[in-house]
file upload-v9.txt (compact mmCIF, C-alpha atoms and all ligand atoms)
# COMPACT_ATOMS: atom_id res chain seq x y z
CA GLY A 172 153.04 15.80 60.26
CA PHE A 173 155.57 18.41 61.29
CA LYS A 174 157.08 18.26 64.76
CA CYS A 175 158.70 20.80 67.09
CA GLY A 176 160.64 19.46 70.07
CA ILE A 177 160.51 21.42 73.33
CA VAL A 178 163.83 21.28 75.19
CA GLY A 179 165.33 23.05 78.19
CA LEU A 180 166.82 22.47 81.62
CA PRO A 181 164.60 21.11 84.40
CA ASN A 182 162.24 23.58 86.12
CA VAL A 183 162.17 26.15 83.36
CA GLY A 184 158.47 25.66 82.57
CA LYS A 185 158.47 23.10 79.75
CA SER A 186 155.67 20.95 81.13
CA THR A 187 153.62 23.97 82.07
CA LEU A 188 153.91 25.23 78.51
CA PHE A 189 153.29 21.82 76.99
CA ASN A 190 150.17 21.25 79.07
CA ALA A 191 148.84 24.66 78.11
CA LEU A 192 149.42 23.86 74.44
CA THR A 193 147.54 20.59 74.59
CA LYS A 194 144.63 21.97 76.62
CA THR A 195 144.18 24.83 74.22
CA ALA A 196 144.11 22.47 71.28
CA ALA A 197 141.26 20.56 72.87
CA ALA A 198 139.32 23.74 73.43
CA GLN A 199 140.00 25.08 69.95
CA ALA A 200 138.77 22.29 67.77
CA ALA A 201 135.96 20.20 69.17
CA ASN A 202 135.92 18.19 65.94
CA TYR A 203 139.54 17.31 66.28
CA PRO A 204 140.03 16.67 69.97
CA PHE A 205 143.50 16.76 71.32
CA CYS A 206 144.86 13.32 70.89
CA THR A 207 147.59 11.93 73.02
CA ILE A 208 149.72 9.94 70.64
CA GLU A 209 152.27 9.44 73.35
CA PRO A 210 152.22 11.12 76.75
CA ASN A 211 154.73 13.69 75.58
CA VAL A 212 153.37 14.41 72.10
CA GLY A 213 150.71 17.07 71.65
CA ASP A 214 148.82 17.53 68.42
CA VAL A 215 147.72 21.17 68.16
CA ALA A 216 145.61 23.22 65.77
CA VAL A 217 147.49 25.95 63.89
CA PRO A 218 145.66 29.25 64.51
CA GLU A 219 144.44 30.53 61.15
CA PRO A 220 141.96 33.45 61.21
CA ARG A 221 141.51 33.33 57.42
CA LEU A 222 139.68 29.99 57.71
CA LYS A 223 136.70 31.59 59.43
CA GLN A 224 136.42 34.20 56.68
CA LEU A 225 136.46 31.55 53.97
CA ALA A 226 133.91 29.39 55.78
CA GLU A 227 131.53 32.32 56.14
CA ILE A 228 131.70 33.13 52.43
CA ALA A 229 131.22 29.54 51.30
CA GLY A 230 128.75 28.65 54.04
CA SER A 231 130.96 25.73 55.07
CA LYS A 232 129.51 23.56 57.82
CA GLU A 233 132.83 22.75 59.36
CA ILE A 234 136.19 24.45 59.90
CA ILE A 235 139.22 22.19 59.97
CA PRO A 236 142.54 23.79 60.91
CA ALA A 237 145.95 22.43 60.01
CA ARG A 238 147.75 20.48 62.73
CA MET A 239 151.24 20.54 64.11
CA GLN A 240 152.93 18.47 66.79
CA PHE A 241 154.87 19.53 69.83
CA VAL A 242 156.99 17.02 71.69
CA ASP A 243 157.93 17.58 75.32
CA ILE A 244 161.49 16.33 75.49
CA ALA A 245 162.19 16.15 79.19
CA GLY A 246 165.28 14.93 80.91
CA LEU A 247 168.07 17.09 79.62
CA VAL A 248 170.76 17.87 82.14
CA LYS A 249 174.39 18.78 81.88
CA GLY A 250 176.21 15.62 80.80
CA ALA A 251 173.30 14.19 78.77
CA SER A 252 175.62 13.54 75.83
CA GLN A 253 177.65 11.31 78.17
CA GLY A 254 174.54 9.46 79.22
CA GLU A 255 173.63 11.53 82.32
CA GLY A 256 169.93 11.88 83.14
CA LEU A 257 167.83 10.37 80.38
CA GLY A 258 170.85 10.93 78.13
CA ASN A 259 170.56 8.84 75.01
CA GLN A 260 166.79 8.51 75.16
CA PHE A 261 166.62 12.27 75.13
CA LEU A 262 168.89 12.62 72.15
CA ALA A 263 166.97 10.02 70.18
CA ASN A 264 163.80 12.04 70.75
CA ILE A 265 165.40 15.17 69.38
CA ARG A 266 166.61 13.38 66.27
CA GLU A 267 162.99 12.86 65.24
CA VAL A 268 161.81 16.47 65.35
CA ASP A 269 161.94 19.01 62.53
CA ALA A 270 162.79 21.99 64.73
CA VAL A 271 163.96 22.66 68.28
CA VAL A 272 162.21 25.02 70.70
CA TYR A 273 164.45 26.10 73.60
CA VAL A 274 162.42 27.05 76.66
CA LEU A 275 164.51 29.43 78.76
CA ARG A 276 163.70 30.43 82.29
CA CYS A 277 163.22 34.19 82.53
CA PHE A 278 161.37 34.34 85.84
CA ASP A 279 162.61 34.66 89.42
CA ASP A 280 160.91 32.47 91.99
CA ASP A 281 162.68 31.35 95.14
CA ASP A 282 160.22 28.49 95.48
CA VAL A 283 161.26 26.98 92.17
CA THR A 284 164.78 25.59 92.26
CA HIS A 285 167.10 26.33 89.38
CA VAL A 286 169.53 23.54 88.62
CA ALA A 287 172.46 25.97 88.47
CA ASN A 288 171.10 28.13 91.34
CA LYS A 289 171.09 31.23 89.17
CA ILE A 290 168.64 32.65 86.66
CA ASP A 291 170.65 33.07 83.49
CA PRO A 292 168.74 32.14 80.32
CA ILE A 293 171.75 32.56 78.05
CA ALA A 294 173.93 30.26 80.16
CA ASP A 295 171.03 27.77 80.21
CA PHE A 296 170.75 27.86 76.44
CA GLU A 297 174.48 27.30 76.11
CA THR A 298 174.39 24.38 78.54
CA VAL A 299 171.68 22.64 76.55
CA GLU A 300 173.15 23.41 73.16
CA THR A 301 176.58 22.25 74.28
CA GLU A 302 175.12 18.82 75.02
CA LEU A 303 173.63 18.69 71.55
CA MET A 304 176.91 19.81 69.98
CA LEU A 305 178.84 17.15 71.91
CA ALA A 306 176.39 14.49 70.75
CA ASP A 307 176.80 15.63 67.14
CA LEU A 308 180.58 15.66 67.45
CA GLU A 309 180.64 12.15 68.80
CA SER A 310 178.34 10.70 66.15
CA LEU A 311 180.21 12.48 63.33
CA GLU A 312 183.63 11.38 64.51
CA LYS A 313 182.40 7.79 64.52
CA ARG A 314 180.99 8.10 61.02
CA ARG A 315 184.07 9.79 59.72
CA VAL A 316 186.29 6.77 60.36
CA ASN A 317 184.13 4.60 58.11
CA LEU A 318 183.62 7.20 55.45
CA GLU A 319 187.30 7.91 55.16
CA LYS A 320 188.00 4.25 54.43
CA LYS A 321 185.31 4.15 51.75
CA ALA A 322 186.35 7.47 50.25
CA LYS A 323 189.87 6.14 49.62
CA GLY A 324 188.38 3.85 47.01
CA GLN A 325 186.22 5.12 44.17
CA ASP A 326 183.11 5.57 46.31
CA LYS A 327 181.83 8.95 45.11
CA GLU A 328 178.96 9.00 47.53
CA ALA A 329 181.29 8.48 50.46
CA LYS A 330 183.49 11.28 49.21
CA ALA A 331 180.59 13.71 49.02
CA LEU A 332 179.38 12.69 52.44
CA LEU A 333 182.83 13.01 53.93
CA LEU A 334 182.97 16.59 52.70
CA LEU A 335 179.72 17.36 54.52
CA VAL A 336 180.83 15.60 57.67
CA ASP A 337 183.98 17.72 57.66
CA LYS A 338 181.94 20.90 57.19
CA ALA A 339 179.90 20.04 60.25
CA LEU A 340 182.95 19.01 62.25
CA ALA A 341 184.70 22.28 61.44
CA GLU A 342 181.81 24.25 62.93
CA LEU A 343 181.40 22.01 65.96
CA ARG A 344 185.12 22.08 66.80
CA GLU A 345 184.94 25.86 66.79
CA GLY A 346 182.11 25.58 69.29
CA ASN A 347 179.39 26.43 66.76
CA PRO A 348 176.22 24.52 65.99
CA ALA A 349 176.15 22.61 62.69
CA ARG A 350 173.40 24.92 61.37
CA ASN A 351 176.12 27.58 60.88
CA ALA A 352 177.70 25.55 58.08
CA GLU A 353 177.10 26.77 54.54
CA ILE A 354 175.28 24.11 52.60
CA SER A 355 174.54 24.36 48.90
CA GLU A 356 171.19 23.51 47.37
CA GLU A 357 172.56 20.23 45.94
CA GLU A 358 173.99 19.20 49.31
CA LYS A 359 170.78 19.78 51.25
CA LYS A 360 169.39 16.28 50.97
CA ASP A 361 172.54 14.52 52.18
CA TRP A 362 172.94 17.14 54.88
CA ALA A 363 169.47 16.40 56.22
CA GLY A 364 170.36 12.70 56.07
CA LEU A 365 173.14 13.27 58.61
CA GLN A 366 170.36 13.98 61.15
CA LEU A 367 172.43 16.39 63.18
CA LEU A 368 170.80 17.71 66.32
CA THR A 369 172.33 21.17 65.95
CA ALA A 370 171.49 21.50 62.26
CA LYS A 371 167.78 21.87 62.97
CA PRO A 372 166.21 25.33 63.00
CA VAL A 373 165.78 26.78 66.49
CA LEU A 374 163.28 28.98 68.29
CA PHE A 375 163.75 30.61 71.69
CA VAL A 376 160.91 30.83 74.16
CA ALA A 377 161.54 33.28 76.97
CA ASN A 378 159.30 32.07 79.81
CA VAL A 379 158.69 35.24 81.83
CA ASP A 380 156.86 35.94 85.10
CA GLU A 381 153.16 36.82 84.92
CA ALA A 382 153.77 40.57 85.26
CA SER A 383 156.09 40.60 82.23
CA ALA A 384 153.80 38.70 79.87
CA ALA A 385 153.05 41.74 77.73
CA ASP A 386 156.37 43.61 77.67
CA GLY A 387 158.99 41.06 78.62
CA ASN A 388 161.73 41.71 81.18
CA ALA A 389 165.50 42.15 81.37
CA TYR A 390 166.07 38.39 80.99
CA SER A 391 163.86 38.09 77.93
CA LYS A 392 165.65 41.04 76.31
CA LEU A 393 168.88 39.04 76.57
CA VAL A 394 167.15 36.10 74.94
CA GLU A 395 165.84 38.26 72.10
CA ASP A 396 169.31 39.71 71.50
CA ARG A 397 170.81 36.26 71.38
CA ALA A 398 168.10 35.00 69.04
CA ALA A 399 168.80 37.89 66.67
CA LYS A 400 172.49 36.96 66.62
CA GLU A 401 171.60 33.35 65.86
CA SER A 402 169.04 34.37 63.18
CA ALA A 403 166.57 32.41 65.29
CA GLY A 404 163.04 33.34 66.25
CA ALA A 405 162.12 34.40 69.80
CA VAL A 406 158.77 34.37 71.56
CA VAL A 407 158.15 35.97 74.95
CA ILE A 408 155.54 34.04 76.87
CA SER A 409 154.43 33.39 80.42
CA ALA A 410 153.77 29.69 80.66
CA LYS A 411 151.87 30.24 83.91
CA ILE A 412 149.47 32.65 82.25
CA GLU A 413 149.09 30.43 79.23
CA SER A 414 148.15 27.49 81.42
CA GLU A 415 145.45 29.64 83.03
CA LEU A 416 144.23 30.98 79.68
CA ALA A 417 143.98 27.50 78.26
CA GLN A 418 141.29 26.64 80.79
CA LEU A 419 139.02 29.59 79.99
CA SER A 420 136.21 29.93 77.47
CA ASP A 421 136.81 32.19 74.45
CA GLU A 422 134.93 35.07 76.06
CA GLU A 423 136.71 34.77 79.37
CA GLN A 424 139.99 34.55 77.50
CA ALA A 425 139.35 37.79 75.64
CA GLU A 426 138.60 39.56 78.90
CA TYR A 427 141.64 38.19 80.68
CA LEU A 428 143.89 39.02 77.73
CA GLU A 429 142.70 42.59 77.79
CA THR A 430 143.40 43.03 81.50
CA ILE A 431 146.97 41.85 81.06
CA GLY A 432 147.50 43.83 77.86
CA LEU A 433 147.86 40.99 75.38
CA GLU A 434 146.23 40.83 71.96
CA GLU A 435 146.19 37.05 71.67
CA PRO A 436 147.37 34.09 73.67
CA GLY A 437 151.14 33.70 73.59
CA LEU A 438 150.57 30.14 72.44
CA ASN A 439 149.19 31.42 69.13
CA ARG A 440 152.42 33.34 68.62
CA LEU A 441 154.40 30.26 69.57
CA ILE A 442 152.53 27.96 67.19
CA SER A 443 152.80 30.50 64.37
CA ALA A 444 156.51 30.97 65.03
CA GLY A 445 156.96 27.20 64.93
CA PHE A 446 155.09 27.12 61.64
CA ASP A 447 157.39 29.79 60.15
CA LEU A 448 160.45 28.11 61.57
CA LEU A 449 159.58 24.93 59.70
CA GLY A 450 159.32 26.89 56.46
CA LEU A 451 155.65 26.08 56.11
CA GLN A 452 152.73 27.85 54.46
CA THR A 453 149.01 27.31 54.21
CA TYR A 454 146.67 26.62 51.36
CA PHE A 455 142.92 26.06 51.61
CA THR A 456 140.21 23.82 50.25
CA VAL A 457 136.78 25.38 50.62
CA GLY A 458 133.30 23.98 49.98
CA PRO A 459 129.86 23.76 51.56
CA LYS A 460 130.94 20.78 53.65
CA GLU A 461 134.14 22.17 55.08
CA ALA A 462 136.74 24.89 54.94
CA ARG A 463 140.09 23.33 55.58
CA ALA A 464 143.68 24.49 55.95
CA TRP A 465 146.53 22.36 54.63
CA THR A 466 150.21 22.70 55.24
CA VAL A 467 152.97 22.62 52.64
CA LYS A 468 156.60 23.64 52.54
CA ARG A 469 157.18 27.03 50.98
CA GLY A 470 158.21 26.46 47.39
CA ALA A 471 156.03 23.36 46.98
CA THR A 472 154.49 22.74 43.55
CA ALA A 473 150.77 22.22 42.96
CA PRO A 474 151.09 18.41 42.65
CA GLN A 475 153.09 18.31 45.91
CA ALA A 476 150.36 20.32 47.60
CA ALA A 477 147.77 17.90 46.24
CA GLY A 478 149.84 15.04 47.64
CA VAL A 479 149.31 16.39 51.17
CA ILE A 480 145.63 15.51 50.80
CA HIS A 481 146.16 12.16 49.12
CA THR A 482 149.02 10.51 47.24
CA ASP A 483 146.57 9.67 44.39
CA PHE A 484 145.96 13.40 43.93
CA GLU A 485 149.65 13.88 43.32
CA LYS A 486 150.09 10.87 41.02
CA GLY A 487 147.08 11.69 38.86
CA PHE A 488 147.39 15.48 39.03
CA ILE A 489 145.98 17.29 35.99
CA ARG A 490 145.56 20.86 37.15
CA ALA A 491 144.57 23.03 40.09
CA GLU A 492 141.81 25.59 39.95
CA THR A 493 143.37 28.30 42.06
CA ILE A 494 142.05 31.52 43.60
CA GLY A 495 144.23 33.80 45.69
CA PHE A 496 142.90 34.39 49.21
CA ASP A 497 142.39 38.14 48.66
CA ASP A 498 140.52 37.57 45.40
CA TYR A 499 138.34 34.93 47.02
CA VAL A 500 137.34 37.33 49.78
CA ALA A 501 136.97 40.45 47.57
CA LEU A 502 134.89 38.59 44.97
CA LYS A 503 132.86 36.75 47.61
CA GLY A 504 133.75 33.24 46.68
CA GLU A 505 134.38 30.87 43.82
CA GLN A 506 131.55 31.98 41.53
CA GLY A 507 132.49 35.66 41.77
CA ALA A 508 136.17 34.90 41.26
CA LYS A 509 135.38 32.77 38.21
CA GLU A 510 133.26 35.53 36.65
CA ALA A 511 135.96 38.09 37.26
CA GLY A 512 138.51 35.84 35.59
CA LYS A 513 140.41 35.38 38.87
CA MET A 514 140.20 31.63 38.98
CA ARG A 515 143.45 30.42 37.45
CA LEU A 516 144.06 26.99 35.98
CA GLU A 517 147.48 26.07 37.26
CA GLY A 518 149.59 23.16 36.04
CA LYS A 519 152.34 20.90 37.35
CA GLU A 520 154.98 23.61 37.60
CA TYR A 521 152.91 26.03 39.64
CA ILE A 522 154.51 27.11 42.92
CA VAL A 523 151.81 27.32 45.57
CA GLN A 524 151.39 30.73 47.22
CA ASP A 525 150.40 31.20 50.85
CA GLY A 526 146.61 31.51 51.13
CA ASP A 527 145.75 29.93 47.77
CA VAL A 528 142.28 28.43 47.65
CA MET A 529 142.71 25.29 45.55
CA HIS A 530 140.62 22.67 43.88
CA PHE A 531 142.51 19.77 42.34
CA ARG A 532 141.57 17.93 39.16
CA PHE A 533 143.14 14.53 38.81
CA ASN A 534 142.96 11.19 37.02
CA THR A 535 142.23 8.15 39.10
P1 LIG A 601 159.95 21.75 83.54
O1 LIG A 601 160.77 20.94 84.48
O2 LIG A 601 160.80 22.58 82.64
O3 LIG A 601 158.93 20.97 82.79
O4 LIG A 601 159.18 22.82 84.43
P2 LIG A 601 157.67 22.86 84.95
O5 LIG A 601 156.75 23.29 83.87
O6 LIG A 601 157.36 21.62 85.67
O7 LIG A 601 157.77 24.07 85.96
C1 LIG A 601 158.59 24.00 87.10
C2 LIG A 601 158.00 24.89 88.18
O8 LIG A 601 158.07 26.25 87.73
C3 LIG A 601 156.52 24.61 88.44
O9 LIG A 601 156.33 24.72 89.83
C4 LIG A 601 155.82 25.75 87.71
O10 LIG A 601 154.60 26.07 88.33
C5 LIG A 601 156.81 26.88 87.80
N1 LIG A 601 156.66 27.81 86.69
C6 LIG A 601 156.60 27.53 85.36
N2 LIG A 601 156.44 28.66 84.64
C7 LIG A 601 156.40 29.68 85.53
C8 LIG A 601 156.26 31.11 85.43
O11 LIG A 601 156.11 31.67 84.32
N3 LIG A 601 156.31 31.81 86.59
C9 LIG A 601 156.47 31.21 87.83
N4 LIG A 601 156.50 31.96 88.91
N5 LIG A 601 156.59 29.90 87.95
C10 LIG A 601 156.55 29.13 86.84
call {"tool": "encode", "arguments": {"input": "upload-v9.txt", "output": "structure tokens", "more": "lines below"}}
Ligand code: GDP
result
Amino acid sequence: GFKCGIVGLPNVGKSTLFNALTKTAAAQAANYPFCTIEPNVGDVAVPEPRLKQLAEIAGSKEIIPARMQFVDIAGLVKGASQGEGLGNQFLANIREVDAVVYVLRCFDDDDVTHVANKIDPIADFETVETELMLADLESLEKRRVNLEKKAKGQDKEAKALLLLVDKALAELREGNPARNAEISEEEKKDWAGLQLLTAKPVLFVANVDEASAADGNAYSKLVEDRAAKESAGAVVISAKIESELAQLSDEEQAEYLETIGLEEPGLNRLISAGFDLLGLQTYFTVGPKEARAWTVKRGATAPQAAGVIHTDFEKGFIRAETIGFDDYVALKGEQGAKEAGKMRLEGKEYIVQDGDVMHFRFNT
């Protein structure tokens, strides 16, 4: 599965947000209860309104959303890269995630201590990211020594890797995250193999006070500006409100959302933003038993999509009967789409489109 790591300084609202996420997941999908894999890993349903539409048309008994994981990575303080706080443990946890969500404190509250005694979400972001950059610098400098020795011989692989290491080092020494480096298509695989903490895509969560949940506040504006500069996503959320929402029934939620001027829980926006950040898209399988959402990387081929369901589907792939979501809805299901000539037979080269309703044919 795909994983987003939640990071931030202490007392910014990470746990509050994490707990809200996991409670909501439990409420959302009774068939797939929230499972605690580890105390800090939450497995959440990806909100997908199209699933309900598909299930209604096909008369599916069950709706099964796609899942995504959030990891609460606590313990980051200034000096973590030098082993302060949970230091190394913390960094190891970040290495395993696909994307990093920075929770930034955008609320005043004299009862909640701020580690730097001042509410300044941009400074907080920089403090956290600096630790990640220092950790990357240290690990790269270590690797470089070895690579340089190997590259002096005829080791082509070492030479290529050394080039990438130097690209990353150049950014980091300028005080930039490794994700700023320009990486060609051919280099992408090796680049990912370097497992740099600051090469992962990032998302900013501005955790605002309850009164600013709908419109944000001066702090969250700063966060949004910074996110724009970083080409990162930003979500304004009040973790406090989300934790209250997560405990309500659907009806109560709708009412509460209306009173505070929100269209949907902020968590839905957060999960969707995480989904986008990871470069993911959805395809569906629909039948009388279940309507189910599956997750693939954008750009995935039909056999790769089939492989998400089962590796045998990918190995034995013959073709995919494919109906676009809009056609499926407009023509009221598979039969109608077939009759209208809108069910396509797609082969191995087909690039899956978001919302495709697919049925795989394969050899066993
Ligand atoms: P963490 O250390 O980042 O995990 O922070 P916590 O989630 O434990 O929150 C620290 C404190 O801040 C708790 O007392 C929360 O109730 C409080 N808190 C979190 N979010 C908000 C918020 O949006 N508004 C206010 N006023 N307090 C919040």
call {"tool": "residues_near_point", "arguments": {"input": "upload-v9.txt", "point": "(154.7, 18.0, 71.0)", "cutoff": "8 Å", "atoms": "only C-alpha atoms", "output": "ChimeraX atom specification"}}
result
/A:174-177,189,211-214,240-243
call {"tool": "closest_residue", "arguments": {"input": "upload-v9.txt", "among": "A:Val373, A:Ala270, A:Ile408, A:Ala216", "to": "Pro236 in chain A", "atoms": "all atoms listed in the file"}}
result
A:Ala216
call {"tool": "residues_around", "arguments": {"input": "upload-v9.txt", "residues": "Phe488 in chain A", "least_positions_apart": "5", "cutoff": "12 Å", "atoms": "all atoms listed in the file", "output": "list of chain:residue names"}}
result
A:Thr472, A:Ala473, A:Pro474, A:Gln475, A:Ala476, A:Ala477, A:Gly478, A:Ile480, A:His481, A:Thr482, A:Asp483, A:Glu517, A:Gly518, A:Lys519, A:Glu520, A:Tyr521, A:His530, A:Phe531, A:Arg532, A:Phe533, A:Asn534, A:Thr535
call {"tool": "atom_distance", "arguments": {"input": "upload-v9.txt", "atom1": "atom C5 of ligand LIG 601 (chain A)", "atom2": "CA of Val286 in chain A"}}
result
13.2 Å
call {"tool": "residues_near_ligand", "arguments": {"input": "upload-v9.txt", "ligand": "ligand LIG 601 (chain A)", "cutoff": "8 Å", "atoms": "only C-alpha atoms and all ligand atoms", "output": "VMD selection string"}}
result
chain A and resid 179 to 189 245 274 276 to 280 282 to 284 378 to 381 408 to 412
call {"tool": "closest_residue", "arguments": {"input": "upload-v9.txt", "among": "A:Asp525, A:Leu516, A:Glu413, A:Gln424", "to": "Gly450 in chain A", "atoms": "only C-alpha atoms"}}
result
A:Asp525
